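Dropping structure_30.txt in here (compact mmCIF, C-alpha atoms):
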```
# COMPACT_ATOMS: atom_id res chain seq x y z
CA MET W 14 -22.10 16.84 -11.43
CA LYS W 15 -25.43 17.45 -9.77
CA GLY W 16 -24.77 14.45 -7.53
CA ILE W 17 -21.35 15.79 -6.51
CA ILE W 18 -22.76 19.19 -5.58
CA SER W 19 -25.63 17.77 -3.55
CA LEU W 20 -23.27 15.36 -1.77
CA PHE W 21 -20.92 18.27 -1.00
CA ILE W 22 -23.73 20.39 0.43
CA THR W 23 -25.18 17.50 2.45
CA LEU W 24 -21.80 16.58 3.95
CA SER W 25 -20.95 20.19 4.79
CA VAL W 26 -24.28 20.74 6.55
CA ILE W 27 -23.87 17.50 8.53
CA TRP W 28 -20.29 18.43 9.47
CA LEU W 29 -21.41 21.85 10.73
CA LEU W 30 -24.34 20.43 12.68
CA LEU W 31 -22.28 17.72 14.32
CA SER W 32 -19.26 19.84 15.21
CA GLY W 33 -20.72 23.28 15.89
CA HIS W 34 -17.26 24.82 15.46
CA THR W 35 -16.84 28.12 13.67
CA ASN W 36 -13.15 29.04 14.00
CA PRO W 37 -11.24 29.27 10.70
CA LEU W 38 -8.76 26.44 11.37
CA LEU W 39 -11.40 23.84 12.16
CA LEU W 40 -13.67 25.07 9.35
CA SER W 41 -10.88 24.59 6.81
CA LEU W 42 -10.10 21.14 8.20
CA GLY W 43 -13.79 20.29 7.88
CA LEU W 44 -13.85 21.59 4.33
CA ALA W 45 -10.77 19.50 3.53
CA SER W 46 -12.37 16.33 4.89
CA VAL W 47 -15.60 17.00 2.99
CA ILE W 48 -13.67 17.48 -0.26
CA LEU W 49 -11.65 14.32 0.39
CA THR W 50 -14.86 12.34 0.98
CA VAL W 51 -16.42 13.68 -2.24
CA ILE W 52 -13.25 12.76 -4.20
CA ILE W 53 -13.22 9.22 -2.76
CA ASP W 54 -16.94 8.81 -3.48
CA HIS W 55 -16.41 10.03 -7.01
CA ARG W 56 -13.53 7.60 -7.55
CA MET W 57 -15.69 4.76 -6.21
CA ASP W 58 -18.36 5.69 -8.78
CA VAL W 59 -21.14 5.81 -6.23
CA VAL W 60 -22.08 9.47 -6.58
CA ASP W 61 -24.15 9.58 -9.74
CA GLN W 62 -25.52 6.05 -9.71
CA GLU W 63 -28.13 6.83 -7.12
CA GLY W 64 -28.93 9.90 -9.16
CA ASN W 65 -32.37 10.76 -7.89
CA ARG W 66 -31.83 10.35 -4.18
CA ILE W 67 -32.08 14.11 -3.94
CA SER W 68 -35.76 13.87 -4.92
CA TYR W 69 -36.59 11.47 -2.09
CA PRO W 70 -36.67 13.70 1.01
CA PRO W 71 -39.51 16.02 -0.16
CA ARG W 72 -41.71 13.04 -1.00
CA LEU W 73 -40.90 11.36 2.32
CA ILE W 74 -42.54 14.24 4.17
CA THR W 75 -46.01 12.81 3.59
CA TYR W 76 -44.93 9.22 4.17
CA ILE W 77 -43.06 9.53 7.48
CA PRO W 78 -45.96 10.88 9.58
CA TRP W 79 -48.25 8.17 8.20
CA LEU W 80 -45.66 5.49 8.98
CA ALA W 81 -45.14 6.90 12.48
CA TRP W 82 -48.86 6.76 13.17
CA GLU W 83 -49.14 3.18 11.85
CA THR W 84 -46.13 2.20 13.99
CA ILE W 85 -47.72 3.65 17.11
CA LYS W 86 -51.02 1.86 16.41
CA SER W 87 -49.38 -1.53 15.89
CA ASN W 88 -47.12 -0.92 18.91
CA ILE W 89 -50.26 -0.69 21.02
CA THR W 90 -51.68 -3.86 19.41
CA VAL W 91 -48.54 -5.88 20.12
CA ALA W 92 -48.17 -4.41 23.64
CA LYS W 93 -51.73 -5.59 24.38
CA LEU W 94 -50.81 -9.08 23.15
CA ILE W 95 -47.78 -9.14 25.44
CA LEU W 96 -49.67 -7.97 28.50
CA ASP W 97 -52.67 -10.26 27.93
CA PRO W 98 -52.39 -13.15 30.45
CA LYS W 99 -53.65 -15.65 27.84
CA MET W 100 -51.33 -14.23 25.15
CA PRO W 101 -53.68 -14.81 22.19
CA ILE W 102 -51.06 -14.80 19.42
CA ARG W 103 -51.58 -16.48 16.05
CA PRO W 104 -48.26 -16.38 14.21
CA ASN W 105 -48.52 -16.86 10.46
CA ILE W 106 -46.41 -16.50 7.37
CA PHE W 107 -47.53 -15.11 4.03
CA THR W 108 -46.14 -13.31 1.00
CA VAL W 109 -46.97 -9.79 -0.14
CA LYS W 110 -46.18 -8.28 -3.51
CA ALA W 111 -43.82 -5.34 -3.64
CA SER W 112 -44.92 -3.28 -6.63
CA GLN W 113 -42.08 -0.74 -6.41
CA PRO W 114 -39.98 -0.62 -9.58
CA GLY W 115 -36.61 0.20 -8.02
CA GLU W 116 -34.48 -1.45 -5.38
CA LEU W 117 -34.57 1.56 -3.10
CA GLY W 118 -38.37 1.48 -3.13
CA LYS W 119 -38.41 -2.22 -2.25
CA THR W 120 -35.92 -1.58 0.54
CA ILE W 121 -38.09 1.19 1.97
CA TYR W 122 -41.13 -1.09 1.79
CA ALA W 123 -39.42 -4.09 3.45
CA ASN W 124 -37.91 -1.85 6.12
CA SER W 125 -41.28 -0.25 6.82
CA ILE W 126 -42.85 -3.71 7.22
CA THR W 127 -40.19 -4.64 9.77
CA LEU W 128 -40.33 -1.30 11.57
CA THR W 129 -44.04 -1.76 12.27
CA PRO W 130 -44.20 -4.21 15.21
CA GLY W 131 -46.26 -7.30 14.52
CA THR W 132 -44.87 -7.84 11.03
CA VAL W 133 -41.30 -8.77 10.08
CA SER W 134 -40.06 -9.17 6.52
CA MET W 135 -38.16 -12.46 6.39
CA SER W 136 -36.85 -12.50 2.85
CA VAL W 137 -37.16 -10.51 -0.34
CA ASP W 138 -37.21 -12.51 -3.54
CA GLY W 139 -37.77 -10.58 -6.75
CA ASP W 140 -40.93 -8.63 -6.08
CA GLU W 141 -42.29 -10.91 -3.37
CA ILE W 142 -41.68 -10.31 0.31
CA LEU W 143 -42.10 -13.16 2.78
CA VAL W 144 -43.64 -11.76 5.95
CA HIS W 145 -43.96 -13.22 9.43
CA ALA W 146 -46.89 -11.75 11.34
CA ILE W 147 -47.62 -12.33 15.00
CA ASP W 148 -51.36 -11.93 14.77
CA GLN W 149 -54.07 -11.98 12.12
CA GLY W 150 -54.88 -8.35 12.89
CA THR W 151 -51.42 -7.04 12.08
CA ALA W 152 -51.31 -9.32 9.01
CA ASP W 153 -54.62 -7.92 7.73
CA ASP W 154 -53.36 -4.36 8.09
CA LEU W 155 -50.54 -5.21 5.72
CA LEU W 156 -52.69 -7.25 3.32
CA THR W 157 -54.87 -4.23 2.58
CA GLY W 158 -51.88 -3.08 0.53
CA GLU W 159 -52.06 0.53 1.64
CA MET W 160 -48.41 0.63 2.70
CA ASP W 161 -47.41 -0.87 -0.65
CA ARG W 162 -49.34 1.82 -2.53
CA ARG W 163 -47.89 4.63 -0.44
CA VAL W 164 -44.30 3.45 -0.89
CA THR W 165 -44.90 3.04 -4.63
CA ARG W 166 -46.18 6.60 -4.77
CA ILE W 167 -43.10 8.07 -3.08
CA SER W 168 -40.61 5.93 -5.01
CA GLY W 169 -42.13 7.05 -8.32
CA GLU W 170 -40.76 6.09 -11.71
CA HIS W 171 -37.10 5.29 -12.13
CA MET C 29 -43.17 27.37 27.94
CA HIS C 30 -40.71 25.60 30.17
CA LEU C 31 -43.53 23.70 31.84
CA LEU C 32 -44.91 22.64 28.45
CA THR C 33 -41.61 21.27 27.13
CA ASP C 34 -40.95 19.58 30.47
CA THR C 35 -44.36 17.89 30.40
CA LEU C 36 -43.90 16.76 26.80
CA SER C 37 -40.38 15.57 27.57
CA TRP C 38 -41.51 13.50 30.54
CA PHE C 39 -44.47 12.13 28.62
CA PHE C 40 -42.10 10.81 25.92
CA LEU C 41 -39.48 9.58 28.40
CA LEU C 42 -42.02 7.68 30.49
CA SER C 43 -43.91 6.16 27.56
CA GLY C 44 -40.59 5.19 25.97
CA GLY C 45 -39.46 3.54 29.19
CA LEU C 46 -42.79 1.73 29.45
CA ALA C 47 -42.44 0.52 25.85
CA VAL C 48 -38.94 -0.81 26.54
CA MET C 49 -40.23 -2.66 29.60
CA ILE C 50 -43.18 -4.17 27.71
CA GLY C 51 -40.84 -5.17 24.90
CA SER C 52 -38.50 -6.93 27.34
CA LEU C 53 -41.44 -8.69 28.98
CA GLY C 54 -42.58 -9.86 25.55
CA LEU C 55 -39.10 -11.11 24.80
CA LEU C 56 -39.41 -13.37 27.84
CA ARG C 57 -43.04 -14.41 27.35
CA PHE C 58 -43.27 -15.14 23.62
CA PRO C 59 -42.80 -18.77 22.65
CA ASP C 60 -40.30 -18.86 19.77
CA PHE C 61 -37.57 -16.93 18.00
CA TYR C 62 -39.75 -15.26 15.34
CA THR C 63 -42.43 -14.06 17.73
CA ARG C 64 -39.73 -12.68 20.02
CA LEU C 65 -38.52 -10.52 17.14
CA HIS C 66 -41.86 -8.70 17.26
CA ALA C 67 -41.45 -7.99 20.97
CA ALA C 68 -37.96 -6.65 20.34
CA GLY C 69 -39.53 -4.51 17.62
CA ILE C 70 -41.45 -2.53 20.25
CA THR C 71 -38.23 -1.73 22.11
CA ASP C 72 -36.52 -0.80 18.85
CA SER C 73 -39.14 1.30 17.15
CA PHE C 74 -41.17 3.08 19.78
CA GLY C 75 -39.05 2.68 22.94
CA THR C 76 -35.79 4.20 21.73
CA ALA C 77 -37.46 6.78 19.50
CA ALA C 78 -39.67 8.07 22.31
CA ILE C 79 -36.78 8.24 24.79
CA LEU C 80 -34.59 10.13 22.32
CA VAL C 81 -37.41 12.55 21.45
CA GLY C 82 -37.98 13.11 25.17
CA LEU C 83 -34.29 13.89 25.63
CA ALA C 84 -34.45 16.26 22.65
CA PHE C 85 -37.20 18.23 24.44
CA GLN C 86 -34.93 18.45 27.50
CA ALA C 87 -32.07 19.81 25.40
CA GLY C 88 -34.18 22.52 23.74
CA LEU C 89 -33.22 24.18 20.47
CA THR C 90 -29.51 23.36 20.48
CA LEU C 91 -27.07 21.31 18.42
CA VAL C 92 -27.57 18.50 20.93
CA THR C 93 -31.17 18.19 19.73
CA VAL C 94 -29.99 17.92 16.13
CA LYS C 95 -27.63 15.13 17.12
CA LEU C 96 -30.34 13.31 19.10
CA LEU C 97 -32.72 13.50 16.14
CA LEU C 98 -29.98 12.21 13.81
CA ILE C 99 -29.43 9.28 16.21
CA THR C 100 -33.20 8.62 16.14
CA VAL C 101 -33.21 8.57 12.34
CA PHE C 102 -30.23 6.20 12.19
CA ILE C 103 -31.73 3.83 14.77
CA LEU C 104 -35.03 3.78 12.88
CA LEU C 105 -33.12 2.94 9.69
CA THR C 106 -30.76 0.32 11.10
CA SER C 107 -32.90 -1.60 13.60
CA PRO C 108 -35.34 -2.97 10.97
CA THR C 109 -32.33 -3.94 8.87
CA SER C 110 -30.79 -5.95 11.70
CA THR C 111 -34.17 -7.52 12.56
CA HIS C 112 -34.53 -8.53 8.92
CA ALA C 113 -31.00 -9.97 8.92
CA LEU C 114 -31.83 -12.03 12.03
CA ALA C 115 -35.12 -13.31 10.58
CA LYS C 116 -33.51 -14.13 7.25
CA SER C 117 -30.62 -16.04 8.77
CA ALA C 118 -33.01 -17.96 11.05
CA LEU C 119 -35.08 -18.87 7.99
CA HIS C 120 -31.95 -19.81 6.10
CA GLY C 121 -30.82 -21.97 9.02
CA GLN C 122 -34.12 -23.87 8.72
CA LEU C 123 -35.46 -22.77 12.06
CA LYS C 124 -39.14 -23.74 11.86
CA PRO C 125 -41.49 -20.96 12.92
CA LEU C 126 -44.27 -21.80 15.30
CA LEU C 127 -47.53 -21.45 13.38
CA LYS C 128 -51.01 -21.36 14.75
CA GLU C 129 -54.06 -21.00 12.57
CA ASP C 130 -57.53 -20.59 13.97
CA GLY C 131 -59.21 -20.97 10.59
CA GLY C 132 -59.77 -18.23 8.03
CA ALA C 133 -56.10 -17.32 7.92
CA SER C 134 -54.61 -17.51 4.47
CA SER C 135 -51.15 -18.82 4.92
CA ASN C 136 -48.89 -20.46 2.40
CA THR C 137 -45.48 -21.61 3.53
```
Take the structure in the file and write it out as structure tokens.
Amino acid sequence: MKGIISLFITLSVIWLLLSGHTNPLLLSLGLASVILTVIIDHRMDVVDQEGNRISYPPRLITYIPWLAWETIKSNITVAKLILDPKMPIRPNIFTVKASQPGELGKTIYANSITLTPGTVSMSVDGDEILVHAIDQGTADDLLTGEMDRRVTRISGEH
Amino acid sequence: MHLLTDTLSWFFLLSGGLAVMIGSLGLLRFPDFYTRLHAAGITDSFGTAAILVGLAFQAGLTLVTVKLLLITVFILLTSPTSTHALAKSALHGQLKPLLKEDGGASSNT
């Protein structure tokens, strides 16, 4: 039930923000489409399975600025590599351990690895992620395990 | 106030455009498929995000800004996913990555 209510509120807010309409006819049509979506979601049994997704956004508040800063730093590193006439790249492949208990946590971790330029997650197998790094510097940043710890902290216990 | 938002907006637009250009240059210069993914990563992560944030500053506090920020969020969620899909299918198709080790690197393939 909690999942249904939070889905309803989320969808309504998104509908309002995207449309910006306030006249009664369009509002009731929007309400109807939100209710229809909630009913379909409920019938597909996807609402309550991801039960604690509502607790993610508050914890992401500390993670997103950190990730943005890391992304900007590694953007500059890779941009330097591109602009360097000698192009001193040293591509290498290694595995890192994903210590997140849940699948959503692992997804966030693998996606964060790929989002940071210089490292791309190639495959996820159990709790090991195969990573392709363009340079030893970007690889070392990941091997310190700080990103892993931060994602584990926000994904918490399932 | 208007001058401040305009300056910020142009700062983001120009640095985003620069990032897209550097990313495209890297796409041409880098030697193999996997390294080119990293160059495309610059265009994806910083280039588009900075351009969209710059446009959001132009739009001010309106619904357009909300939409632009939603687009930014969705791009930042989907572009790593598609990059991962590309890398995984290349790996699956037995495309050998170019590896270079100047000693000290711990690499196990």
What are the nearest atom pairs, with distances in Å to one decimal, for all residues of chain C that come at most 9 Å from chain W, using only C-alpha atoms, set out by chain and rising residue number as JSON lines?
```
{"residue": "C:Ala47", "atom": "CA", "partner": "W:Ala92", "partner_atom": "CA", "distance": 7.9}
{"residue": "C:Ile50", "atom": "CA", "partner": "W:Ala92", "partner_atom": "CA", "distance": 6.4}
{"residue": "C:Gly51", "atom": "CA", "partner": "W:Ala92", "partner_atom": "CA", "distance": 7.5}
{"residue": "C:Leu53", "atom": "CA", "partner": "W:Ile95", "partner_atom": "CA", "distance": 7.3}
{"residue": "C:Gly54", "atom": "CA", "partner": "W:Ile95", "partner_atom": "CA", "distance": 5.3}
{"residue": "C:Leu55", "atom": "CA", "partner": "W:Ile95", "partner_atom": "CA", "distance": 8.9}
{"residue": "C:Arg57", "atom": "CA", "partner": "W:Ile95", "partner_atom": "CA", "distance": 7.3}
{"residue": "C:Phe58", "atom": "CA", "partner": "W:Ile95", "partner_atom": "CA", "distance": 7.7}
{"residue": "C:Tyr62", "atom": "CA", "partner": "W:His145", "partner_atom": "CA", "distance": 7.5}
{"residue": "C:Thr63", "atom": "CA", "partner": "W:Ile147", "partner_atom": "CA", "distance": 6.1}
{"residue": "C:Leu65", "atom": "CA", "partner": "W:Val133", "partner_atom": "CA", "distance": 7.8}
{"residue": "C:His66", "atom": "CA", "partner": "W:Gly131", "partner_atom": "CA", "distance": 5.4}
{"residue": "C:Ala67", "atom": "CA", "partner": "W:Pro130", "partner_atom": "CA", "distance": 7.4}
{"residue": "C:Ala68", "atom": "CA", "partner": "W:Pro130", "partner_atom": "CA", "distance": 8.4}
{"residue": "C:Gly69", "atom": "CA", "partner": "W:Pro130", "partner_atom": "CA", "distance": 5.3}
{"residue": "C:Ile70", "atom": "CA", "partner": "W:Pro130", "partner_atom": "CA", "distance": 6.0}
{"residue": "C:Asp72", "atom": "CA", "partner": "W:Leu128", "partner_atom": "CA", "distance": 8.2}
{"residue": "C:Ser73", "atom": "CA", "partner": "W:Leu128", "partner_atom": "CA", "distance": 6.3}
{"residue": "C:Phe74", "atom": "CA", "partner": "W:Ile85", "partner_atom": "CA", "distance": 7.1}
{"residue": "C:Leu91", "atom": "CA", "partner": "W:Leu30", "partner_atom": "CA", "distance": 6.4}
{"residue": "C:Val92", "atom": "CA", "partner": "W:Leu31", "partner_atom": "CA", "distance": 8.5}
{"residue": "C:Val94", "atom": "CA", "partner": "W:Leu30", "partner_atom": "CA", "distance": 7.1}
{"residue": "C:Lys95", "atom": "CA", "partner": "W:Leu31", "partner_atom": "CA", "distance": 6.6}
{"residue": "C:Leu104", "atom": "CA", "partner": "W:Leu128", "partner_atom": "CA", "distance": 7.5}
{"residue": "C:Leu105", "atom": "CA", "partner": "W:Asn124", "partner_atom": "CA", "distance": 7.7}
{"residue": "C:Thr106", "atom": "CA", "partner": "W:Asn124", "partner_atom": "CA", "distance": 9.0}
{"residue": "C:Ser107", "atom": "CA", "partner": "W:Leu128", "partner_atom": "CA", "distance": 7.7}
{"residue": "C:Pro108", "atom": "CA", "partner": "W:Thr127", "partner_atom": "CA", "distance": 5.3}
{"residue": "C:Thr109", "atom": "CA", "partner": "W:Asn124", "partner_atom": "CA", "distance": 6.6}
{"residue": "C:Thr111", "atom": "CA", "partner": "W:Thr127", "partner_atom": "CA", "distance": 7.2}
{"residue": "C:His112", "atom": "CA", "partner": "W:Met135", "partner_atom": "CA", "distance": 5.9}
{"residue": "C:Ala113", "atom": "CA", "partner": "W:Met135", "partner_atom": "CA", "distance": 8.0}
{"residue": "C:Leu114", "atom": "CA", "partner": "W:Met135", "partner_atom": "CA", "distance": 8.5}
{"residue": "C:Ala115", "atom": "CA", "partner": "W:Met135", "partner_atom": "CA", "distance": 5.2}
{"residue": "C:Lys116", "atom": "CA", "partner": "W:Met135", "partner_atom": "CA", "distance": 5.0}
{"residue": "C:Ser117", "atom": "CA", "partner": "W:Met135", "partner_atom": "CA", "distance": 8.7}
{"residue": "C:Ala118", "atom": "CA", "partner": "W:Met135", "partner_atom": "CA", "distance": 8.9}
{"residue": "C:Leu119", "atom": "CA", "partner": "W:Met135", "partner_atom": "CA", "distance": 7.3}
{"residue": "C:Pro125", "atom": "CA", "partner": "W:Pro104", "partner_atom": "CA", "distance": 8.3}
{"residue": "C:Leu126", "atom": "CA", "partner": "W:Pro104", "partner_atom": "CA", "distance": 6.8}
{"residue": "C:Leu127", "atom": "CA", "partner": "W:Pro104", "partner_atom": "CA", "distance": 5.2}
{"residue": "C:Lys128", "atom": "CA", "partner": "W:Arg103", "partner_atom": "CA", "distance": 5.1}
{"residue": "C:Glu129", "atom": "CA", "partner": "W:Arg103", "partner_atom": "CA", "distance": 6.2}
{"residue": "C:Asp130", "atom": "CA", "partner": "W:Arg103", "partner_atom": "CA", "distance": 7.5}
{"residue": "C:Ala133", "atom": "CA", "partner": "W:Gln149", "partner_atom": "CA", "distance": 7.1}
{"residue": "C:Ser134", "atom": "CA", "partner": "W:Phe107", "partner_atom": "CA", "distance": 7.5}
{"residue": "C:Ser135", "atom": "CA", "partner": "W:Phe107", "partner_atom": "CA", "distance": 5.3}
{"residue": "C:Asn136", "atom": "CA", "partner": "W:Phe107", "partner_atom": "CA", "distance": 5.8}
{"residue": "C:Thr137", "atom": "CA", "partner": "W:Ile106", "partner_atom": "CA", "distance": 6.5}
```
> In Å to one decimal, how far is atom CA of Ile167 of chain W from atom CA of Asp138 of chain W?
Replying inline: 21.4 Å
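All protein, DNA and RNA residues at most 7 Å from (-36.0, -21.2, 18.6) are C:Asp60, C:Phe61, C:Leu123, using only C-alpha atoms.
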> Within 7 Å of Gly44 of chain C, counting only C-alpha atoms, which residues qualify if same-chain residues fewer than 6 places away don't, as a PyMOL selection string?
Replying inline: chain C and resi 74-76+78-79
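For the pair atom CA of Gly82 of chain C and atom CA of Leu46 of chain C, the separation is 13.1 Å.
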> So how many Å separate atom CA of Asp154 of chain W and atom CA of Leu80 of chain W, to one decimal?
Replying inline: 12.5 Å
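All polymer residues at most 7 Å from (-39.6, 9.7, 25.4), using all atoms listed in the file, appear as Ser37, Trp38, Phe39, Phe40, Leu41, Leu42, Ser43, Gly44, Ala77, Ala78, Ile79, Leu80, Val81, Gly82 and Leu83 of chain C.
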> Neighbours of Lys110 of chain W within 8 Å (all atoms listed in the file; same-chain residues fewer than 6 positions away dropped), as a PyMOL selection string?
Replying inline: chain W and resi 140-142
> Which of these residues is nearest to Pro101 of chain W, using only C-alpha atoms: W:Gly150, W:Glu83, W:Ile77, W:Ile53?
Replying inline: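 Among the listed residues, W:Gly150 lies closest to Pro101 of chain W.
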